[in-house]
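Colleague: First the structure, then my questions, so here it is.
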Amino acid sequence: MNNLITRATPYLQATPLLALLGFFLAVPILLLLIVSFWDYDFAGMYPAFVTFNYAETLGSWVTWKTYGNTLKFAAIVWAITAFLGFWVAYFLAFHVRTATMQMVLFLVCTVPFLTSNIIRMISWIPVLGRNGLVNSGLVGAGIIDQPLEWLLYSDFAVILAMVHLYTLFMVTPIFNNMMRIDKSLVEAARDAGAKDWQIIWNVILPLAKPGIAIGTIFVVTLVMADFSTVQVMSGGQSASVALMMRNQMSLLQYPAAAANAVVLLVLVLLMVAGILRIVDIRKEL
Amino acid sequence: MTGTTRTSGISRRNVLKGGVAAAAGAAIGSGAITGFPTIWAQNPITLRQFGTGVSNLNAIAEKCKEDLGITLEMTATDSDAAAQRAVTQPDSYDIADVEYWILKKVFPAGVIQPMDISRLKYYDQIVPLFKTGKLLPDSVIAQGTAPHTVGFVEGPNSREFATGETGWFTMVPTIYNADTLGIRPDLVGREITSWADIMAPEFKGKTAIINVPSIGIMDAAMILEAMGAVTYGDKGNMTQEEIDKTIDFLIKAKQDGQFRAFWKSFDESVNLMSSGEVVIQSMWSPAVAAVRSKGIECKYQPLKEGYRSWGGGMGLAAHLSGAQLDAAYEYINWYTSGWVGGYLNRQGYYSANMETAKQHMSEDEWGFWIEGKPAQSDILAPDGTVMEKAGAVRDGGSFEERMGKVACWNSVMDEDRYMVRRWNEFIAA
């Protein structure tokens with residue numbers, strides 16, 4: 001009897017989380033999967049098993065081009081945020097001496113996040129616009145004759161806004177990770193005659209990998225699922241996967257949007273699996 | 001209780017919210033007023049109204065409660081959701097307030113009951129546009145889903161639209177307007193006279209069109225027809241070949257950099273225009289007013305090819321009967337008796353009952369909004385702010401000049417799904 005309770009305890013302890021994840025994660029995803037095979041018209045969805053939602057999604061060059069475009073954004077934004085995130089975290093973790101100052105500076109990094117995503121994004125518009133701050137400054141200083149058109153409503157604007165929005169998601173896990181690196185390892189490397197860049201390359205970077213991997217998961221999934229930044233900053237000139245889904249949903253084509261969501265989910269899961277294969281994030285945590 | 005629920009979405013009527021927000025505040029709590037002038041006071045009646053049009057105007061619910069004692073529960077949605085709800089939840093509403101092209105989709109489902117015109121007090125005063133399709137005897141009937149083509153049925157149980165005027169109405173028309181391009185007169189630097197001007201080389205990178213497929217495609221058709229690039233059998237019901245030609249042309253123009261942006265929401269169109277990013281674009285009339293209210297010049301430019309127009313009305317749900325049906329008719333008769341008409345006219349929309357609306361507008365207001373005369377004194381919005389200064393003239397002129405030049409009505413195409421798919425290609429290209 002006692003034995004039974006002992007064996008059942010871990011399951012009972014896991015039950016609340018299981019129920020929570022089951023109800024809020026597994027069930028919705030299952031529904032999504034089911035609906036993606038349904039038929040639809042303007043008035044509603046009809047239970048059925050049809051595959052044309054997938055056929056239309058995967059068979060159209062728009063989908064491929066849109067996925068290509070979204071992956072391009074993800075790759076560029078990832079590269080920039082990883083670079084920035086690494087150096088900001090490195091500075092905070094190894095060059096700021098007191099723990100208090102480290103926390104103060106880290107909090108400073110989070111200050112912009114006290115306003116909403118949308119506000120931070122939209123505030124770029126008056127800065128980058130044809131008659132915006134940058135252009136009027138450059139024209140006023142006589143550096144250029146004509147305002148630069150590509151500053152706003154372009155891929156440049158989308159990437160700039162995304163880097164601005166998502167860099168902190170890179171800084172935080174890397175910083176957290178670096179704080180746990182034993183300082184004596186750095187000292188040992190220095191005693192062994194390593195130069196600064198060798199310490200960074202051979203000691204700190206390998207040990208910071210789990211942090212970079214977690215940051216990468218955040219940034220990649222956020223960029224892949226973004227629609228508002230792309231719509232607002234590209235002025236509707238550029239497409240993203242989530243924007244395509246939103247278009248379908250606004251026309252009540254839910255099964256088509258569900259099929260699209262399933263494809264995106266599979267792709268993102270594969271990417272995350274790939275990241276986890278390369279880096280063991282449990283190590284050093 | 002008077003309550004409204006709003007979904008966020010892209011509905012042209014959502015933009016009404018801004019204009020009337022101030023007037024809306026007092027609607028809550030009107031349930032406490034006692035002493036109604038009609039029998040509904042003893043036997044409280046609630047009508048549930050949902051849709052895209054006047055359902056956003058809380059001021060109307062408030063006034064209705066005051067005048068009739070009927071409580072209006074209003075729900076506003078975007079047009080696609082309205083079409084879906086009308087068909088799939090016919091018992092969830094008493095009055096459907098939708099555009100005529102939505103009616104064309106939903107009426108055959110049998111969810112709206114035909115309206116007996118002998119019970120409509122002001123039927124005779126409804127403008128002929130909704131009866132014959134002609135505002136003036138010599139007007140040309142516009143393309144697309146013209147309201148009169150889906151306005152009548154043969155009898156109380158009929159589900160097929162009649163070809164001419166009969167004793168049975170599908171909806172009573174309420175609100176409509178004529179849309180055109182908005183321009184920045186200070187930045188375009190020349191006369192704008194045609195829809196084709198949006199494609200002029202000198203405006204390269206300074207134009208925008210709306211990214212709502214069903215409306216964007218119509219604006220595109222007006223542009224391409226004006227350029228002579230495509231000839232359409234019916235712009236409101238294109239063939240696949242016509243859709244292909246239109247989208248291919250748009251894709252090419254996009255790749256050549258003709259467009260600065262594609263806007264999806266009201267505020268985006270206002271910002272594009274007021275920041276000077278764009279000097280000529282698709283626009284809705286309240287957006288033009290919003291740009292002007294910032295002190296920036298903006299004109300709702302009349303064009304020689306005419307306007308793209310839209311119109312909405314109110315239909316009775318099929319389940320209505322007895323006292324509820326009587327109340328619905330009384331509501332509609334109150335609605336068309338003038339106060340609401342004046343209210344809509346003052347917002348820059350048009351009422352279908354102009355004669356009754358006139359009695360609820362000052363001579364100056366009537367002159368400015370309807371007759372196209374210069375304003376004698378400042379024209380005020382319902383909340384008391386100045387909309388137009390004394391001396392201003394409405395863009396496009398009088399009601400007859402504007403609504404008499406409709407080239408095409410908003411519509412639903414047989415090839416709707418194909419069109420949406422191609423439109424997405426245009427945006428992704």
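Quick note on naming: the chains in the structure tokens go A, B, ... in the order shown, residues restart at 1 in each chain, and ligands are numbered from 1 in order of appearance.
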Only residues of chain B matter here; which ones have an atom within 7 Å of chain A, counting only C-alpha atoms? Give them as a ChimeraX atom specification.

Modeller: /B:80,83-84,87-88,261-263,277,425,427-428

Colleague: From stretch 121-360 of chain B, collect each residue whose DSSP state is alpha helix (DSSP H) and return the set as a PyMOL selection string.

Modeller: chain B and resi 185-188+213-227+240-255+266-274+285-292+322-335+339-346+354-358

Colleague: Taking 6 positions as the minimum chain separation for residues in the same chain, which residues sit within 9 Å of stretch 77-92 of chain A when counting only C-alpha atoms? Answer as a ChimeraX atom specification.

Modeller: /A:101-103,105-106,159-160,162-164,166-176,178-179,204-205,208,212,215-216,219-220,223

Colleague: Measuring between only C-alpha atoms, which one of B:Ile296, B:Ala142, B:Val188, B:Ala253 shows the shortest distance to B:Val278?

Modeller: B:Val188

Colleague: Using only C-alpha atoms, which of the listed residues (B:Ala290, B:Ile60, B:Ala76, B:Leu181) sits closest to B:Tyr331?

Modeller: B:Ile60
